[in-house]
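Peer 1: mmCIF, C-alpha atoms, file my_file-v9.cif:
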```cif
data_final
#
loop_
_atom_site.label_atom_id
_atom_site.label_comp_id
_atom_site.auth_asym_id
_atom_site.auth_seq_id
_atom_site.Cartn_x
_atom_site.Cartn_y
_atom_site.Cartn_z
CA MET A 1 192.15 132.45 -82.03
CA SER A 2 189.78 130.27 -79.98
CA THR A 3 186.75 131.78 -78.28
CA ILE A 4 185.71 130.90 -74.75
CA SER A 5 182.05 129.93 -74.68
CA PRO A 6 180.13 131.62 -71.85
CA VAL A 7 178.81 129.29 -69.14
CA SER A 8 175.22 129.89 -68.03
CA ALA A 9 174.17 130.24 -64.42
CA GLY A 10 172.20 127.00 -64.68
CA THR A 11 175.25 125.09 -65.88
CA LEU A 12 177.33 126.46 -63.01
CA LEU A 13 174.73 125.39 -60.47
CA ARG A 14 174.84 121.83 -61.82
CA LEU A 15 178.54 121.53 -61.01
CA PRO A 16 178.79 119.68 -57.63
CA SER A 17 181.93 121.46 -56.44
CA PHE A 18 180.53 124.88 -57.26
CA LEU A 19 177.28 123.99 -55.47
CA PHE A 20 179.22 122.83 -52.38
CA PHE A 21 181.17 126.08 -52.51
CA LEU A 22 177.96 128.15 -52.65
CA LEU A 23 176.32 126.29 -49.78
CA SER A 24 179.43 126.41 -47.60
CA ARG A 25 179.98 130.10 -48.21
CA SER A 26 176.32 130.98 -47.60
CA LEU A 27 176.24 129.05 -44.31
CA THR A 28 179.42 130.78 -43.19
CA ARG A 29 177.91 134.14 -44.11
CA PHE A 30 174.70 133.14 -42.33
CA ALA A 31 176.64 132.42 -39.13
CA SER A 32 178.67 135.62 -39.42
CA GLN A 33 175.58 137.80 -39.86
CA ILE A 34 173.81 136.17 -36.92
CA GLY A 35 176.95 136.83 -34.87
CA ALA A 36 177.13 140.46 -35.96
CA VAL A 37 173.60 141.11 -34.67
CA ALA A 38 174.05 139.12 -31.45
CA ILE A 39 177.45 140.57 -30.59
CA GLY A 40 176.46 144.13 -31.44
CA TRP A 41 173.23 144.02 -29.44
CA GLN A 42 174.83 142.21 -26.50
CA ILE A 43 177.72 144.70 -26.29
CA TYR A 44 175.30 147.64 -26.45
CA ASP A 45 173.12 145.98 -23.78
CA LEU A 46 176.12 145.48 -21.51
CA THR A 47 177.78 148.87 -21.97
CA GLY A 48 175.32 151.27 -23.67
CA SER A 49 178.36 152.77 -25.42
CA ALA A 50 178.72 153.76 -29.08
CA PHE A 51 182.48 153.70 -28.58
CA ASP A 52 182.37 150.03 -27.52
CA LEU A 53 180.34 149.21 -30.63
CA GLY A 54 183.13 150.74 -32.67
CA MET A 55 185.70 148.75 -30.68
CA VAL A 56 184.09 145.51 -31.88
CA GLY A 57 185.17 146.43 -35.41
CA LEU A 58 188.68 147.37 -34.33
CA VAL A 59 189.18 144.14 -32.37
CA GLN A 60 188.03 142.04 -35.33
CA PHE A 61 190.30 143.94 -37.71
CA LEU A 62 193.53 143.63 -35.70
CA PRO A 63 194.17 139.93 -36.55
CA THR A 64 193.90 140.74 -40.26
CA ALA A 65 196.52 143.45 -39.95
CA LEU A 66 198.83 141.20 -37.92
CA LEU A 67 198.43 138.02 -39.99
CA VAL A 68 197.92 139.33 -43.54
CA PHE A 69 201.21 138.07 -44.98
CA VAL A 70 201.16 134.77 -43.09
CA ALA A 71 197.59 134.14 -44.30
CA GLY A 72 198.47 134.86 -47.91
CA GLN A 73 201.49 132.58 -47.83
CA THR A 74 199.38 129.84 -46.22
CA ALA A 75 196.78 130.07 -49.01
CA ASP A 76 199.51 129.69 -51.66
CA ARG A 77 201.43 126.86 -49.97
CA PHE A 78 198.75 124.52 -48.64
CA GLU A 79 195.57 122.91 -49.95
CA ARG A 80 193.10 125.76 -49.87
CA LYS A 81 189.96 123.86 -48.97
CA ARG A 82 191.72 122.34 -45.92
CA VAL A 83 192.72 125.80 -44.73
CA VAL A 84 189.11 126.93 -45.09
CA GLN A 85 187.86 123.89 -43.16
CA LEU A 86 190.23 124.53 -40.23
CA CYS A 87 189.04 128.14 -40.06
CA GLN A 88 185.39 127.07 -40.02
CA LEU A 89 186.06 124.62 -37.19
CA ALA A 90 187.82 127.36 -35.18
CA GLU A 91 184.80 129.63 -35.70
CA ALA A 92 182.48 126.84 -34.54
CA ALA A 93 184.52 126.42 -31.35
CA THR A 94 184.29 130.17 -30.68
CA ALA A 95 180.52 130.09 -31.17
CA LEU A 96 180.36 127.26 -28.64
CA PHE A 97 182.24 129.41 -26.11
CA LEU A 98 179.86 132.36 -26.62
CA CYS A 99 176.82 130.09 -26.36
CA TRP A 100 178.09 128.48 -23.16
CA GLY A 101 178.91 131.85 -21.59
CA SER A 102 175.58 133.41 -22.51
CA TYR A 103 173.51 130.54 -21.13
CA GLY A 104 175.74 130.37 -18.04
CA GLY A 105 175.32 134.07 -17.38
CA TRP A 106 179.05 134.76 -16.94
CA LEU A 107 179.79 136.28 -20.37
CA THR A 108 181.18 139.82 -20.11
CA GLU A 109 182.18 142.41 -22.70
CA VAL A 110 185.82 141.30 -22.23
CA HIS A 111 184.89 137.71 -23.12
CA ILE A 112 183.02 138.95 -26.19
CA PHE A 113 186.00 141.02 -27.32
CA ILE A 114 188.29 137.99 -26.93
CA ALA A 115 185.90 135.81 -28.95
CA THR A 116 185.65 138.54 -31.58
CA PHE A 117 189.45 138.60 -31.84
CA VAL A 118 189.51 134.82 -32.40
CA LEU A 119 186.84 135.12 -35.09
CA GLY A 120 188.97 137.80 -36.70
CA MET A 121 191.97 135.44 -36.70
CA ALA A 122 189.97 132.71 -38.42
CA GLY A 123 188.59 135.17 -40.95
CA ALA A 124 192.08 136.49 -41.71
CA PHE A 125 192.99 133.05 -43.09
CA GLU A 126 189.58 131.99 -44.42
CA SER A 127 188.58 134.92 -46.60
CA PRO A 128 191.66 135.25 -48.85
CA THR A 129 191.86 131.47 -49.13
CA ILE A 130 188.26 131.02 -50.20
CA SER A 131 188.62 133.88 -52.68
CA ALA A 132 191.64 132.15 -54.23
CA LEU A 133 189.63 128.89 -54.33
CA LEU A 134 186.77 130.18 -56.49
CA PRO A 135 188.81 130.62 -59.73
CA LEU A 136 189.86 126.95 -59.39
CA ILE A 137 186.20 125.88 -59.35
CA ALA A 138 184.59 128.17 -61.94
CA PRO A 139 185.10 127.14 -65.58
CA GLN A 140 187.19 129.44 -67.73
CA GLY A 141 185.31 132.50 -68.91
CA SER A 142 182.67 132.30 -66.17
CA LEU A 143 184.32 134.02 -63.19
CA GLN A 144 182.15 137.15 -63.26
CA ARG A 145 178.94 135.08 -63.39
CA ALA A 146 180.29 132.68 -60.73
CA THR A 147 181.15 135.66 -58.52
CA ALA A 148 177.63 137.03 -58.93
CA LEU A 149 176.09 133.66 -58.01
CA SER A 150 178.42 133.33 -55.05
CA SER A 151 177.46 136.80 -53.89
CA ALA A 152 173.78 136.00 -54.37
CA ALA A 153 174.05 132.86 -52.23
CA ALA A 154 175.81 134.83 -49.52
CA GLN A 155 173.19 137.58 -49.69
CA VAL A 156 170.34 135.12 -49.23
CA ALA A 157 171.98 134.18 -45.96
CA THR A 158 172.62 137.82 -45.15
CA ILE A 159 168.95 138.68 -45.63
CA THR A 160 167.65 136.01 -43.28
CA GLY A 161 170.64 135.81 -40.95
CA PRO A 162 170.26 139.21 -39.23
CA ALA A 163 166.51 138.76 -38.82
CA LEU A 164 166.99 135.30 -37.33
CA GLY A 165 169.76 136.64 -35.12
CA GLY A 166 167.56 139.39 -33.74
CA ILE A 167 164.61 137.07 -33.14
CA ALA A 168 166.82 134.38 -31.56
CA TYR A 169 168.47 136.95 -29.28
CA ALA A 170 165.03 138.13 -28.14
CA PHE A 171 164.31 134.55 -26.99
CA ALA A 172 167.68 133.98 -25.33
CA PRO A 173 171.10 135.67 -25.75
CA GLY A 174 172.80 132.28 -26.17
CA LEU A 175 170.49 130.95 -28.89
CA PRO A 176 172.10 132.85 -31.82
CA TYR A 177 175.49 131.41 -30.92
CA GLY A 178 174.07 127.87 -30.89
CA ILE A 179 172.75 128.39 -34.41
CA MET A 180 176.14 129.73 -35.50
CA LEU A 181 177.83 126.61 -34.13
CA ALA A 182 175.60 124.31 -36.21
CA PHE A 183 176.07 126.33 -39.41
CA TRP A 184 179.86 126.49 -39.16
CA LEU A 185 180.12 122.75 -38.56
CA LEU A 186 177.92 122.03 -41.59
CA SER A 187 179.90 124.44 -43.77
CA ALA A 188 183.12 122.62 -42.85
CA LEU A 189 181.59 119.34 -44.05
CA LEU A 190 180.50 120.90 -47.35
CA THR A 191 183.93 122.43 -47.95
CA GLY A 192 185.41 118.93 -47.78
CA GLY A 193 183.36 117.93 -50.85
CA ILE A 194 184.86 120.60 -53.13
CA ARG A 195 186.99 119.42 -56.05
CA THR A 196 189.00 121.90 -58.11
CA THR A 197 189.34 121.91 -61.92
CA GLU A 198 193.11 122.51 -61.90
CA PRO A 199 195.95 121.53 -59.56
CA GLU A 200 196.45 123.39 -56.31
CA PRO A 201 199.61 125.55 -56.13
CA ALA A 202 202.80 123.69 -55.33
CA LYS A 203 203.88 123.96 -51.72
CA ASP A 204 206.96 125.91 -52.68
CA ALA A 205 204.93 128.46 -54.66
CA ALA A 206 205.37 131.01 -51.88
CA THR A 207 208.69 131.14 -50.09
CA ALA A 208 209.67 133.12 -47.04
CA ASP A 209 211.73 135.45 -49.25
CA ASP A 210 208.72 136.14 -51.45
CA VAL A 211 206.09 136.75 -48.77
CA PHE A 212 205.65 140.37 -49.87
CA ALA A 213 205.13 139.47 -53.55
CA GLY A 214 201.43 140.32 -53.27
CA VAL A 215 202.24 143.87 -52.19
CA ARG A 216 204.70 144.33 -55.04
CA PHE A 217 202.24 142.89 -57.56
CA ILE A 218 199.48 145.29 -56.47
CA ARG A 219 201.82 148.27 -56.38
CA ASN A 220 202.94 147.58 -59.96
CA ASN A 221 199.37 147.29 -61.30
CA PRO A 222 197.64 150.70 -61.09
CA ALA A 223 194.19 149.35 -61.95
CA ILE A 224 194.34 146.79 -59.11
CA LEU A 225 195.82 149.32 -56.68
CA GLY A 226 193.06 151.79 -57.52
CA THR A 227 190.38 149.10 -57.15
CA ILE A 228 191.52 147.96 -53.72
CA SER A 229 192.23 151.43 -52.32
CA LEU A 230 188.87 152.76 -53.56
CA ASP A 231 187.08 150.13 -51.51
CA LEU A 232 189.26 150.90 -48.49
CA PHE A 233 188.58 154.63 -48.31
CA ALA A 234 185.00 154.65 -49.62
CA VAL A 235 183.66 152.09 -47.14
CA LEU A 236 185.95 153.32 -44.35
CA PHE A 237 184.05 156.60 -44.27
CA GLY A 238 180.73 155.52 -45.75
CA GLY A 239 179.85 152.44 -43.69
CA VAL A 240 177.00 152.74 -41.17
CA THR A 241 176.85 149.13 -39.98
CA ALA A 242 178.25 149.88 -36.51
CA LEU A 243 175.59 152.55 -35.97
CA LEU A 244 172.60 150.33 -36.76
CA PRO A 245 171.97 149.33 -33.10
CA ILE A 246 171.78 153.04 -32.22
CA TYR A 247 169.43 153.78 -35.11
CA ALA A 248 167.26 150.76 -34.27
CA ARG A 249 166.93 151.59 -30.57
CA ASP A 250 167.24 155.37 -30.25
CA ILE A 251 166.24 156.92 -33.59
CA LEU A 252 163.80 154.53 -35.27
CA ASN A 253 162.53 152.86 -32.05
CA ALA A 254 162.56 149.47 -33.79
CA GLY A 255 164.06 147.15 -31.12
CA PRO A 256 166.11 143.97 -31.72
CA SER A 257 163.85 142.69 -34.50
CA GLY A 258 164.09 146.08 -36.21
CA LEU A 259 167.86 145.84 -36.02
CA GLY A 260 167.67 142.50 -37.81
CA ILE A 261 165.52 144.05 -40.54
CA LEU A 262 167.90 146.98 -40.96
CA ARG A 263 170.90 144.66 -41.23
CA ALA A 264 169.04 142.52 -43.77
CA ALA A 265 167.97 145.44 -45.97
CA PRO A 266 171.32 145.91 -47.79
CA ALA A 267 171.32 142.19 -48.54
CA VAL A 268 167.86 142.41 -50.13
CA GLY A 269 169.13 145.05 -52.54
CA ALA A 270 172.31 143.06 -53.09
CA LEU A 271 170.38 139.88 -53.85
CA LEU A 272 168.23 141.62 -56.45
CA MET A 273 171.32 143.06 -58.09
CA THR A 274 173.25 139.77 -58.06
CA THR A 275 170.25 138.06 -59.67
CA ILE A 276 170.50 140.59 -62.50
CA LEU A 277 174.28 140.25 -62.79
CA ALA A 278 174.09 136.43 -62.83
CA ARG A 279 171.94 136.65 -65.96
CA HIS A 280 173.41 139.76 -67.56
CA ALA A 281 177.12 140.22 -66.94
CA ILE A 282 178.54 143.74 -67.23
CA ASP A 283 180.33 143.63 -70.58
CA ARG A 284 181.32 147.25 -71.23
CA ARG A 285 182.66 150.29 -69.37
CA VAL A 286 183.10 148.22 -66.22
CA GLY A 287 185.53 150.71 -64.67
CA MET A 288 183.09 153.59 -64.96
CA ARG A 289 180.23 151.39 -63.69
CA MET A 290 182.25 150.66 -60.55
CA PHE A 291 182.79 154.36 -59.84
CA GLN A 292 179.13 155.13 -60.46
CA SER A 293 178.07 152.42 -58.03
CA VAL A 294 180.31 153.86 -55.30
CA ILE A 295 178.75 157.30 -55.79
CA VAL A 296 175.25 155.80 -55.46
CA PHE A 297 176.47 154.03 -52.30
CA GLY A 298 177.47 157.37 -50.79
CA VAL A 299 174.21 159.11 -51.69
CA ALA A 300 172.16 156.25 -50.22
CA THR A 301 174.20 156.51 -47.01
CA VAL A 302 173.26 160.18 -46.66
CA VAL A 303 169.57 159.39 -47.20
CA PHE A 304 169.70 156.68 -44.53
CA ALA A 305 171.52 158.98 -42.11
CA LEU A 306 168.82 161.66 -42.32
CA SER A 307 165.81 159.33 -42.27
CA HIS A 308 163.51 159.04 -39.26
CA TRP A 309 161.10 156.62 -41.00
CA ILE A 310 162.00 152.96 -40.98
CA TRP A 311 160.54 152.33 -44.45
CA LEU A 312 162.82 155.01 -45.94
CA SER A 313 165.79 153.72 -43.94
CA VAL A 314 165.20 150.19 -45.23
CA LEU A 315 164.87 151.45 -48.82
CA ALA A 316 168.07 153.49 -48.58
CA LEU A 317 169.96 150.50 -47.19
CA ALA A 318 168.61 148.28 -49.99
CA VAL A 319 169.85 150.74 -52.63
CA LEU A 320 173.16 150.92 -50.80
CA GLY A 321 173.45 147.12 -50.93
CA ALA A 322 172.63 146.95 -54.63
CA ALA A 323 175.25 149.58 -55.48
CA ASP A 324 177.86 147.85 -53.35
CA THR A 325 177.22 144.53 -55.13
CA ILE A 326 178.08 146.01 -58.52
CA SER A 327 181.33 147.32 -57.09
CA VAL A 328 182.13 144.01 -55.35
CA VAL A 329 181.58 141.85 -58.46
CA ILE A 330 183.72 144.12 -60.62
CA ARG A 331 186.48 144.45 -58.01
CA PHE A 332 186.71 140.72 -57.30
CA SER A 333 186.65 139.68 -60.95
CA LEU A 334 189.21 142.29 -61.96
CA VAL A 335 191.67 141.33 -59.23
CA GLN A 336 191.33 137.55 -59.71
CA LEU A 337 191.58 137.65 -63.50
CA ALA A 338 194.69 139.84 -63.36
CA THR A 339 196.49 137.65 -60.79
CA PRO A 340 198.34 134.36 -61.53
CA ASN A 341 196.98 131.36 -59.63
CA GLU A 342 200.22 130.82 -57.69
CA MET A 343 199.94 134.36 -56.26
CA ARG A 344 196.20 134.60 -55.63
CA GLY A 345 196.56 133.80 -51.93
CA ARG A 346 199.07 136.57 -51.28
CA VAL A 347 197.29 139.13 -53.42
CA GLY A 348 193.96 138.06 -51.89
CA ALA A 349 195.38 138.51 -48.39
CA VAL A 350 196.40 142.09 -49.13
CA ASN A 351 193.01 142.69 -50.73
CA PHE A 352 191.30 141.22 -47.67
CA LEU A 353 193.38 143.50 -45.44
CA PHE A 354 192.03 146.48 -47.33
CA ILE A 355 188.47 145.14 -47.22
CA ASN A 356 188.69 144.47 -43.50
CA ALA A 357 190.25 147.86 -42.91
CA SER A 358 187.29 149.47 -44.66
CA ASN A 359 184.69 147.36 -42.85
CA TYR A 360 186.04 147.03 -39.33
CA LEU A 361 188.05 150.25 -39.07
CA GLY A 362 185.00 151.85 -40.65
CA GLN A 363 182.97 150.56 -37.71
CA PHE A 364 185.57 151.97 -35.32
CA GLU A 365 185.58 155.30 -37.16
CA SER A 366 181.77 155.41 -37.08
CA GLY A 367 181.66 154.70 -33.36
CA VAL A 368 184.26 157.36 -32.52
CA ALA A 369 182.70 159.93 -34.86
CA ALA A 370 179.23 159.23 -33.45
CA ALA A 371 180.55 159.70 -29.90
CA LEU A 372 182.17 163.02 -30.87
CA LEU A 373 179.76 164.48 -33.44
CA GLY A 374 176.52 162.62 -32.89
CA THR A 375 175.12 159.63 -34.76
CA VAL A 376 173.35 161.44 -37.61
CA ALA A 377 176.15 163.94 -38.30
CA SER A 378 178.69 161.11 -38.39
CA ALA A 379 176.68 159.09 -40.93
CA VAL A 380 176.01 162.12 -43.17
CA LEU A 381 179.68 163.06 -43.19
CA GLY A 382 180.62 159.50 -44.12
CA GLY A 383 178.28 159.43 -47.11
CA VAL A 384 179.54 162.76 -48.43
CA ALA A 385 183.15 161.58 -48.02
CA THR A 386 182.39 158.43 -50.05
CA VAL A 387 181.12 160.46 -53.01
CA ALA A 388 184.15 162.75 -52.83
CA ILE A 389 186.57 159.82 -52.76
CA ALA A 390 184.98 158.22 -55.83
CA LEU A 391 185.36 161.47 -57.79
CA ILE A 392 188.98 161.88 -56.68
CA TRP A 393 189.88 158.27 -57.55
CA MET A 394 188.47 158.72 -61.05
CA ARG A 395 191.15 161.36 -61.59
CA LEU A 396 193.96 159.52 -59.79
CA PHE A 397 193.45 156.18 -61.58
CA PRO A 398 192.37 156.86 -65.18
CA SER A 399 193.44 153.34 -66.23
CA LEU A 400 190.89 151.91 -63.81
CA ARG A 401 188.19 154.31 -64.96
CA ASP A 402 188.82 153.30 -68.58
CA VAL A 403 188.67 149.51 -68.06
CA GLU A 404 186.20 148.30 -70.68
CA ARG A 405 185.84 144.53 -70.09
CA LEU A 406 186.58 141.87 -67.47
CA GLU A 407 186.44 138.42 -69.12
#
```
What is this file in structure tokens?
Peer 2:
Amino acid sequence: MSTISPVSAGTLLRLPSFLFFLLSRSLTRFASQIGAVAIGWQIYDLTGSAFDLGMVGLVQFLPTALLVFVAGQTADRFERKRVVQLCQLAEAATALFLCWGSYGGWLTEVHIFIATFVLGMAGAFESPTISALLPLIAPQGSLQRATALSSAAAQVATITGPALGGIAYAFAPGLPYGIMLAFWLLSALLTGGIRTTEPEPAKDAATADDVFAGVRFIRNNPAILGTISLDLFAVLFGGVTALLPIYARDILNAGPSGLGILRAAPAVGALLMTTILARHAIDRRVGMRMFQSVIVFGVATVVFALSHWIWLSVLALAVLGAADTISVVIRFSLVQLATPNEMRGRVGAVNFLFINASNYLGQFESGVAAALLGTVASAVLGGVATVAIALIWMRLFPSLRDVERLE
């Protein structure tokens, strides 16, 4: 039996297509994080409503729910890098609209919600497609390390993106959107330079009769079903992203720049963890490590919720980000390695639906719960629920808990 030689992080970074992929993905993440700060602060400035902050998440999630099966079929039938490029160009056009409206002074919360919906549509196609693209770029046996490097590149952007977004917004509300426009255009150019190591799926790989194949595949694989659903319910209740503008302005008295720092803190922890994972892949008890990381995520959420000191809040968010990174790397690698290439788009679309449901519906849930229970009580309850869900899932999905290796 032949043995697959591990590929080092340095070797991966010398591959032009992988480098283009990293740069494109990090610029896209950079633009998205700048937009999250600008849109969140602008909505809160216009309305002063925690409920409206939650609505931003709901509006961005709806396109994913509506287009999930179309997006998956698109990723399996057409050249994946071209799909990604078209999405990035659509995002750039939306950023141009927001920039124009902000500088013109006519942008309202309705305009922002419409733009957010369009960004959600682009993301519904882009995210599962780019996830299905990575296994075609990374050499065999290196997916976990490639995923860690990809996450690290995105986290570098996530660290600086929110801070830049907050500072740019303080200068002018339209400036963050102008930066987003430039980054999305550049990422589209970089995506065009990607070359894959194996053929793209044939255009008849996904037929209209087989559009639900991703759902059936996930349902018939308990470990994958447990992985995806764990992320859905844990982050759905444990996410505090939508509440950060409230914490920055009303609890920590940190202002727009403080909001940028708070949004960057999870990425700092994530970057440190991805640096470790890029050098030292998790090679045993990966299922249990994933559950442990989700529990740490929940505990860190509770600490952040109760904190009234910005240094402790930043530390808690950094720990939260590091724990989430372990879970993300394991989840992504497990799903991609267990899925045939011709189905990765459809399976990735369902996975992205679950991820978006956890992130954006989590924002909606946080906004509603904060309006009903108060900001701190809502965040504490979410962290406790995350820990409880991890413990329950360990019992419901023993095959996932007992996964020993990925590669």
Peer 1: Tell me, as a list in words, which residues lie within 8 Å of stretch 44-49 of chain A, counting all atoms listed in the file; anything in the same chain fewer than 2 positions away does not count.
Peer 2: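 Answer for this query is Gly40, Trp41, Gln42, Phe51, Asp52, Leu53, Thr108, Glu109 and Pro245 of chain A.
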Peer 1: Considering only C-alpha atoms, can you say which of A:Ile224, A:Ile39, A:Leu13, A:Val314 comes closest to A:Pro256?
Peer 2: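 When distances to A:Pro256 are compared using only C-alpha atoms, the smallest one comes from A:Ile39.
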Peer 1: Using all atoms listed in the file - which residues lie no farther than 7 Å from the point (183.4, 152.4, -66.6) in the file's frame? Write them as a list in words.
Peer 2: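 Protein, DNA and RNA residues close to (183.4, 152.4, -66.6): Arg285, Val286, Gly287, Met288, Arg289, Met290, Arg401, Asp402, Val403 and Glu404 of chain A.
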Peer 1: List as a tab-separated table every residue of stretch 294-344 of chain A that is in contact with stretch 365-385 of chain A, defined as an atom at most 12 Å from one of its atoms (using all atoms listed in the file), together with the nearest atom pair and the distance in Å rounded to one decimal, sorted by chain and then rising number.
Peer 2:
```
residue	atom	partner	partner_atom	distance
A:Val294	CA	A:Gly383	CA	10.1
A:Ile295	CA	A:Gly383	CA	8.9
A:Val296	CA	A:Gly383	CA	9.6
A:Phe297	CA	A:Gly383	CA	7.7
A:Gly298	CA	A:Gly383	CA	4.3
A:Val299	CA	A:Gly383	CA	6.1
A:Ala300	CA	A:Gly383	CA	7.6
A:Thr301	CA	A:Gly383	CA	5.0
A:Val302	CA	A:Val380	CA	4.8
A:Val303	CA	A:Val380	CA	8.1
A:Phe304	CA	A:Ala379	CA	8.2
A:Ala305	CA	A:Ala379	CA	5.3
A:Leu306	CA	A:Val376	CA	6.5
A:Ser307	CA	A:Val376	CA	9.1
A:His308	CA	A:Val376	CA	10.3
A:Ala316	CA	A:Gly383	CA	11.9
A:Leu320	CA	A:Gly383	CA	10.6
```
Peer 1: I want to know what sits within 9 Å of A:Asn341, based on all atoms listed in the file, with residues of the same chain fewer than 2 positions away left out; could you give that as an MDAnalysis selection string?
Peer 2: chainID A and resid 76 132 135:136 200:201 336 339 343:345
Peer 1: Which one of A:Leu312, A:Ile218, A:Val84, A:Ile114 sits closest to A:Asn351 if you count only C-alpha atoms?
Peer 2: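 Smallest separation from A:Asn351 among the options: A:Ile218.
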Peer 1: Do a neighbour search on A:Thr129 at 8 Å with only C-alpha atoms, toss out local chain neighbours closer than 6 positions, and write the hits as a compact mmCIF listing (two decimals) with C-alpha atoms, keeping the file's coordinate frame.
Peer 2:
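Writing done, so here's selection_8.txt:
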```
# COMPACT_ATOMS: atom_id res chain seq x y z
CA ALA A 71 197.59 134.14 -44.30
CA GLY A 72 198.47 134.86 -47.91
CA ALA A 75 196.78 130.07 -49.01
CA ARG A 80 193.10 125.76 -49.87
CA LYS A 81 189.96 123.86 -48.97
CA VAL A 83 192.72 125.80 -44.73
CA VAL A 84 189.11 126.93 -45.09
CA GLY A 345 196.56 133.80 -51.93
CA GLY A 348 193.96 138.06 -51.89
CA ALA A 349 195.38 138.51 -48.39
```
Peer 1: Which residue gives the smallest distance to A:Leu391 among A:Ala234, A:Phe21, A:Val350, A:Trp311, with all atoms listed in the file counted?
Peer 2: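 Nearest candidate to A:Leu391 out of A:Ala234, A:Phe21, A:Val350, A:Trp311: A:Ala234.
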Peer 1: Of the residues A:Gln144, A:Ser26, A:Gln60, A:Ser127, which is the one nearest to A:Val328, using all atoms listed in the file?
Peer 2: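 Under the stated criterion, the closest residue is A:Gln144.
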Peer 1: For this file, the PyMOL selection byres ((chain A and resi 259) around 10) selects which residues, as a PDB file with C-alpha atoms, keeping the file's coordinate frame?
Peer 2:
```
ATOM      1  CA  VAL A  37     173.600 141.110 -34.670  1.00  0.00           C
ATOM      2  CA  GLY A  40     176.460 144.130 -31.440  1.00  0.00           C
ATOM      3  CA  TRP A  41     173.230 144.020 -29.440  1.00  0.00           C
ATOM      4  CA  PRO A 162     170.260 139.210 -39.230  1.00  0.00           C
ATOM      5  CA  ALA A 163     166.510 138.760 -38.820  1.00  0.00           C
ATOM      6  CA  GLY A 165     169.760 136.640 -35.120  1.00  0.00           C
ATOM      7  CA  GLY A 166     167.560 139.390 -33.740  1.00  0.00           C
ATOM      8  CA  ILE A 167     164.610 137.070 -33.140  1.00  0.00           C
ATOM      9  CA  LEU A 244     172.600 150.330 -36.760  1.00  0.00           C
ATOM     10  CA  PRO A 245     171.970 149.330 -33.100  1.00  0.00           C
ATOM     11  CA  ILE A 246     171.780 153.040 -32.220  1.00  0.00           C
ATOM     12  CA  TYR A 247     169.430 153.780 -35.110  1.00  0.00           C
ATOM     13  CA  ALA A 248     167.260 150.760 -34.270  1.00  0.00           C
ATOM     14  CA  ARG A 249     166.930 151.590 -30.570  1.00  0.00           C
ATOM     15  CA  LEU A 252     163.800 154.530 -35.270  1.00  0.00           C
ATOM     16  CA  ASN A 253     162.530 152.860 -32.050  1.00  0.00           C
ATOM     17  CA  ALA A 254     162.560 149.470 -33.790  1.00  0.00           C
ATOM     18  CA  GLY A 255     164.060 147.150 -31.120  1.00  0.00           C
ATOM     19  CA  PRO A 256     166.110 143.970 -31.720  1.00  0.00           C
ATOM     20  CA  SER A 257     163.850 142.690 -34.500  1.00  0.00           C
ATOM     21  CA  GLY A 258     164.090 146.080 -36.210  1.00  0.00           C
ATOM     22  CA  GLY A 260     167.670 142.500 -37.810  1.00  0.00           C
ATOM     23  CA  ILE A 261     165.520 144.050 -40.540  1.00  0.00           C
ATOM     24  CA  LEU A 262     167.900 146.980 -40.960  1.00  0.00           C
ATOM     25  CA  ARG A 263     170.900 144.660 -41.230  1.00  0.00           C
ATOM     26  CA  ALA A 264     169.040 142.520 -43.770  1.00  0.00           C
ATOM     27  CA  ALA A 265     167.970 145.440 -45.970  1.00  0.00           C
TER      28      ALA A 265
END
```
Peer 1: Under the rule that all atoms listed in the file are counted, which of A:Ile228, A:Ile194, A:Leu12, A:Leu23 is the nearest residue to A:Ala138?
Peer 2: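 Smallest distance to A:Ala138 is found for A:Leu12.
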Peer 1: Let me make sure I understand: among A:Phe18, A:Phe397, A:Phe354, A:Trp184, which one has the smallest atom-to-atom distance to A:Ser142 if we use all atoms listed in the file?
Peer 2: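 Counting all atoms listed in the file, the residue closest to A:Ser142 is A:Phe18.
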Peer 1: Work out how far apart atom CA of A:Pro222 and atom CA of A:Ile282 are and give it in Å to one decimal.
Peer 2: 21.2 Å
Peer 1: Could you please determine the separation between atom CA of A:Arg284 and atom CA of A:Arg145 in Å, to one decimal place?
Peer 2: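 Result for atom CA of A:Arg284 versus atom CA of A:Arg145: 14.7 Å, one decimal.
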Peer 1: Identify all residues satisfying the PyMOL selection byres ((chain A and resi 273-277) around 9) in the given file; provide them as a CSV table (one decimal) with C-alpha atoms, in the coordinates of the input.
Peer 2:
```csv
chain,number,residue,atom,x,y,z
A,144,GLN,CA,182.2,137.2,-63.3
A,145,ARG,CA,178.9,135.1,-63.4
A,147,THR,CA,181.2,135.7,-58.5
A,148,ALA,CA,177.6,137.0,-58.9
A,149,LEU,CA,176.1,133.7,-58.0
A,150,SER,CA,178.4,133.3,-55.0
A,151,SER,CA,177.5,136.8,-53.9
A,152,ALA,CA,173.8,136.0,-54.4
A,155,GLN,CA,173.2,137.6,-49.7
A,268,VAL,CA,167.9,142.4,-50.1
A,269,GLY,CA,169.1,145.0,-52.5
A,270,ALA,CA,172.3,143.1,-53.1
A,271,LEU,CA,170.4,139.9,-53.8
A,272,LEU,CA,168.2,141.6,-56.4
A,278,ALA,CA,174.1,136.4,-62.8
A,279,ARG,CA,171.9,136.6,-66.0
A,280,HIS,CA,173.4,139.8,-67.6
A,281,ALA,CA,177.1,140.2,-66.9
A,282,ILE,CA,178.5,143.7,-67.2
A,321,GLY,CA,173.4,147.1,-50.9
A,322,ALA,CA,172.6,147.0,-54.6
A,323,ALA,CA,175.2,149.6,-55.5
A,325,THR,CA,177.2,144.5,-55.1
A,326,ILE,CA,178.1,146.0,-58.5
A,329,VAL,CA,181.6,141.8,-58.5
```
